[in-house]
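See below for the structure under consideration.
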2 protein chains.
Amino acid sequence: MITFINNNIDIPYKIFREKYNQAYLQKQDSIQSIAISSFSPKSNEVYSRYVNLKIVDDKNFIFFTNYDSPKSKQFEMHNQISATIFWSKTNTQIRMLAKIQKMSKSFNNEYFINRNLKKNALAISSNQSNQIDSYSQVIENYNRSLESDDLKKCPDYWGGFSFIPYYFEFWDGHESRINKREVYGLAGGIWKHSFLQP
Amino acid sequence: MITFINNNIDIPYKIFREKYNQAYLQKQDSIQSIAISSFSPKSNEVYSRYVNLKIVDDKNFIFFTNYDSPKSKQFEMHNQISATIFWSKTNTQIRMLAKIQKMSKSFNNEYFINRNLKKNALAISSNQSNQIDSYSQVIENYNRSLESDDLKKCPDYWGGFSFIPYYFEFWDGHESRINKREVYGLAGGIWKHSFLQP
């Protein structure tokens, strides 16, 4: 589930919320899964992975991760990303383009302290996306953290990212591919609306 | 559904097939949905969208689209992409990095001729991702194509893309985030295996 706070009243945000509610009513599984794609100017490669979208606060779409992970480094080098959702139960796709930035240390501390302690043990013990000898080594590190670390203390290398979209596409699928595509793009502070061919 | 032909026996391809079979047995909906992310050096932006993965033939992962669409132009400018799948029923994520290229005209003709004619009418009538005045205009163009076009003749602007991965990550989710991550990366023609921290 996604937590919505301080609802933004701009049209694409309202549509986002409506589409979410429809998918939720249809019992969409993994409704918070979102593909975040990034670019590394260093390797000249595009990367993508799923994260859990946890919060939409006003204009900010927020998820959490390890700040030393490859994706975090990619965001630092190239702060433009794409964020893409597919809700199969309603055959809805939402495509966003956005700029991304870190959340504040105080926000991260507050969030971490209220989080499931087992998840915190993993966040503390894992050097995300670094190589490791085996999966059993992962479990061993996790168990050590669970026993001996302060699971309420947010490490500096863990926290949220917020992305603010400048482009939304809402795509409704159709069995003969006559898909309906509506776009809202930010131009001079105004959301410009258009239809795209399927 | 994805059609598998000429099964490649390299380890990541075998694992891909096993994970697919598991998701299929669990009745994963939209099992063929895959997020394809691309980069435009022109706008310096990352883009992403879902497509239907139709065929895995030996090393080639194949989907179909409009060759004049923005994504096709992005593939031409930057032929490296990421391709990412999430199967919620088995909590499995597959992340691939790949090089992408067009399929041949003869392959496209052959595929098109055996395809649902209603889908062909849409493929012929739609100038994909170009702006249009309204959704009713989309329907009008589609109906005109359905009535008057040769629906067995593949237009030059429609066809397949094949991507060949050089990197696979198989990610199995865990409720406390002790996710299992196994990677196969191609190095000097050999698939090198490693584990990543969650």
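Residue numbering restarts at 1 for every chain of the structure tokens, chains are lettered A, B, ... in their displayed order, and ligands are numbered from 1 as they appear.
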
**Q.** Sel. of strand (DSSP E or B) residues, stretch 23-92 of chain A, as a ChimeraX atom specification
**A.** /A:33-40,45-52,55-57,60-66,80-87,92

(Q) Can you work out which residues from chain A touch chain B at a cut-off of 7 Å (counting only C-alpha atoms) and hand them back as an MDAnalysis selection string? (A) chainID A and resid 29:30 37:39 45:49 80:82 84 88 95 118:119 122 126:135 138 176:178 180 194:198

(Q) Just want the 9 Å neighbourhood of A:Ile164, counted on only C-alpha atoms, with same-chain residues fewer than 4 positions away dropped. Output as a PyMOL selection string. (A) chain A and resi 59-61+97-101

Q: Would you mind writing down, as a PyMOL selection string, each residue of stretch 61-165 of chain A that DSSP on the backbone assigns to alpha helix (DSSP H)?
A: chain A and resi 70-77+105-113+117-125+135-148

Q. What lies within 8 Å of A:Lys19 using only C-alpha atoms, ignoring chain neighbours under 4 positions off, as a list in words?
A.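 Result of the neighbour search: Ile15, Ala23 and Thr92 of chain A.
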
(Q) Taking 3 positions as the minimum chain separation for residues in the same chain, which residues sit within 8 Å of A:Asn109 when counting only C-alpha atoms? Answer as a PyMOL selection string. (A) chain A and resi 105-106+112-113+153-154

Q: Have a look at atom CA of B:Asp68 and atom CA of B:Met1 and let me know their distance in Å, one decimal.
A: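 Between atom CA of B:Asp68 and atom CA of B:Met1 the gap is 26.0 Å.
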
Q) What is the atom CA of A:Ser72 to atom CA of A:Ser43 distance in Å? A)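 These two atoms are separated by 14.6 Å.
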